[in-house]
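*Asks:* Below is one structure. I have some questions about it.
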Amino acid sequence: MVVESEGYHALIEYFTEHLSLFERAESEGCQETVEDVVTDMIATNLMAVFSQNPDLESDFRFKLMQEADAVMADLTEVLAGAWTRCPTNEQVVFLEDYVGLVKNLFDSAISKEIQ
């Protein structure tokens with residue numbers, strides 16, 4: 001649905017083009033890691049999708065959760081080197097934009113399902 005779409009593959013390419021942003025990160029002295037930031041962003045956006053679409057069938061909601069898990073797994077793999085480090089402000093901004101674009105793909109998938 002989402003992770004198999006052309007849009008998602010384009011987002012992965014976009015992410016890899018900006019991977020150099022994640023070469024700079026601190027490994028000590030922070031309250032949260034890149035993993036914490038990504039997990040929170042994915043969860044928050046998935047909750048927003050569900051609250052914006054309260055009438056979704058439970059089977060479709062479950063599919064969306066599986067898709068979100070797949071997105072999380074992809075980010076875990078791509079960001080393995082920075083996953084346990086402290087994110088920079090620039091990294092957080094990029095991740096916010098990226099996860100927002102992923103949410104748009106989820107919104108699009110829902111609109112196709114509803115029609």
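Residues in the structure tokens are named by chain (A, B, ... in the order shown) and by number from 1 within that chain; ligands are numbered from 1 in the order shown.
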If you run DSSP over the backbone, which residues in region 1-113 of chain A end up alpha helix (DSSP H)? Put them as an NGL selection string.
*Replies:* :A and (6-17 or 34-52 or 58-78 or 89-113)
*Asks:* If you count only C-alpha atoms, which residues fall within 12 Å of Thr16 (chain A), apart from same-chain ones fewer than 4 positions away, as a compact mmCIF listing (two decimals) with C-alpha atoms, in the first residue's frame?
*Replies:*
# COMPACT_ATOMS: atom_id res chain seq x y z
CA HIS A 9 10.40 4.79 -3.09
CA ALA A 10 10.94 8.41 -4.15
CA LEU A 11 11.02 9.40 -0.46
CA ILE A 12 13.64 6.75 0.25
CA SER A 20 25.07 13.04 5.05
CA LEU A 21 23.03 15.09 7.58
CA PHE A 22 23.28 12.12 9.91
CA ASP A 74 13.40 1.13 6.98
CA LEU A 75 14.44 4.15 9.03
CA GLU A 77 18.16 0.31 8.85
CA VAL A 78 19.06 3.53 7.05
CA LEU A 79 19.95 5.36 10.25
CA TYR A 98 10.34 13.51 6.07
*Asks:* Given only C-alpha atoms as the basis, pick out the residue of A:Gln52, A:Asn104, A:Thr39, A:Asn45 nearest to Ala73 (chain A).
*Replies:*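 Closest residue, counting only C-alpha atoms: A:Thr39.
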*Asks:* Please indicate the distance in Å from CA of Met41 (chain A) to CA of Leu56 (chain A), rounded to one decimal place.
*Replies:*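 About the pair CA of Met41 (chain A) and CA of Leu56 (chain A): they are 21.4 Å apart.
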*Asks:* Name all residues at most 12 Å from Phe50 (chain A) (count only C-alpha atoms; drop same-chain ones fewer than 6 positions away) and give them as a PyMOL selection string.
*Replies:* chain A and resi 43-44+56-58+60-62+64-65+103+106-107+110
*Asks:* Can I get the selection written as a short mmCIF file (atom, residue, chain, number, x, y, z; two decimals), in the first residue's frame, with C-alpha atoms?
*Replies:*
data_model
loop_
_atom_site.label_atom_id
_atom_site.label_comp_id
_atom_site.auth_asym_id
_atom_site.auth_seq_id
_atom_site.Cartn_x
_atom_site.Cartn_y
_atom_site.Cartn_z
CA ALA A 43 3.58 7.35 16.52
CA THR A 44 2.29 10.93 16.66
CA LEU A 56 -11.75 3.44 9.21
CA GLU A 57 -12.39 -0.28 9.41
CA SER A 58 -10.28 -2.05 12.01
CA PHE A 60 -7.54 -1.21 7.43
CA ARG A 61 -6.22 0.40 10.62
CA PHE A 62 -4.21 -2.73 11.29
CA LEU A 64 -1.78 1.05 8.36
CA MET A 65 -0.02 0.04 11.58
CA LYS A 103 2.05 10.91 6.53
CA PHE A 106 -0.81 7.51 4.36
CA ASP A 107 -3.46 10.21 3.84
CA ILE A 110 -6.77 6.39 2.98
#
*Asks:* Let me make sure I understand: among A:Asn53, A:Val37, A:Ala70, A:His18, which one has the smallest atom-to-atom distance to Trp83 (chain A) if we use only C-alpha atoms?
*Replies:*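 Closest candidate: A:Val37.
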*Asks:* List the neighbours of Val102 (chain A) out to 9 Å using only C-alpha atoms; skip same-chain residues closer than 6 positions along the sequence, and give me the result as a PyMOL selection string.
*Replies:* chain A and resi 2+7-8+11+71
*Asks:* For Ile114 (chain A), which residue out of A:Leu95, A:Asp55, A:Thr76, A:Thr88 is the nearest one, using only C-alpha atoms?
*Replies:*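 Closest to Ile114 (chain A), using only C-alpha atoms: A:Asp55.
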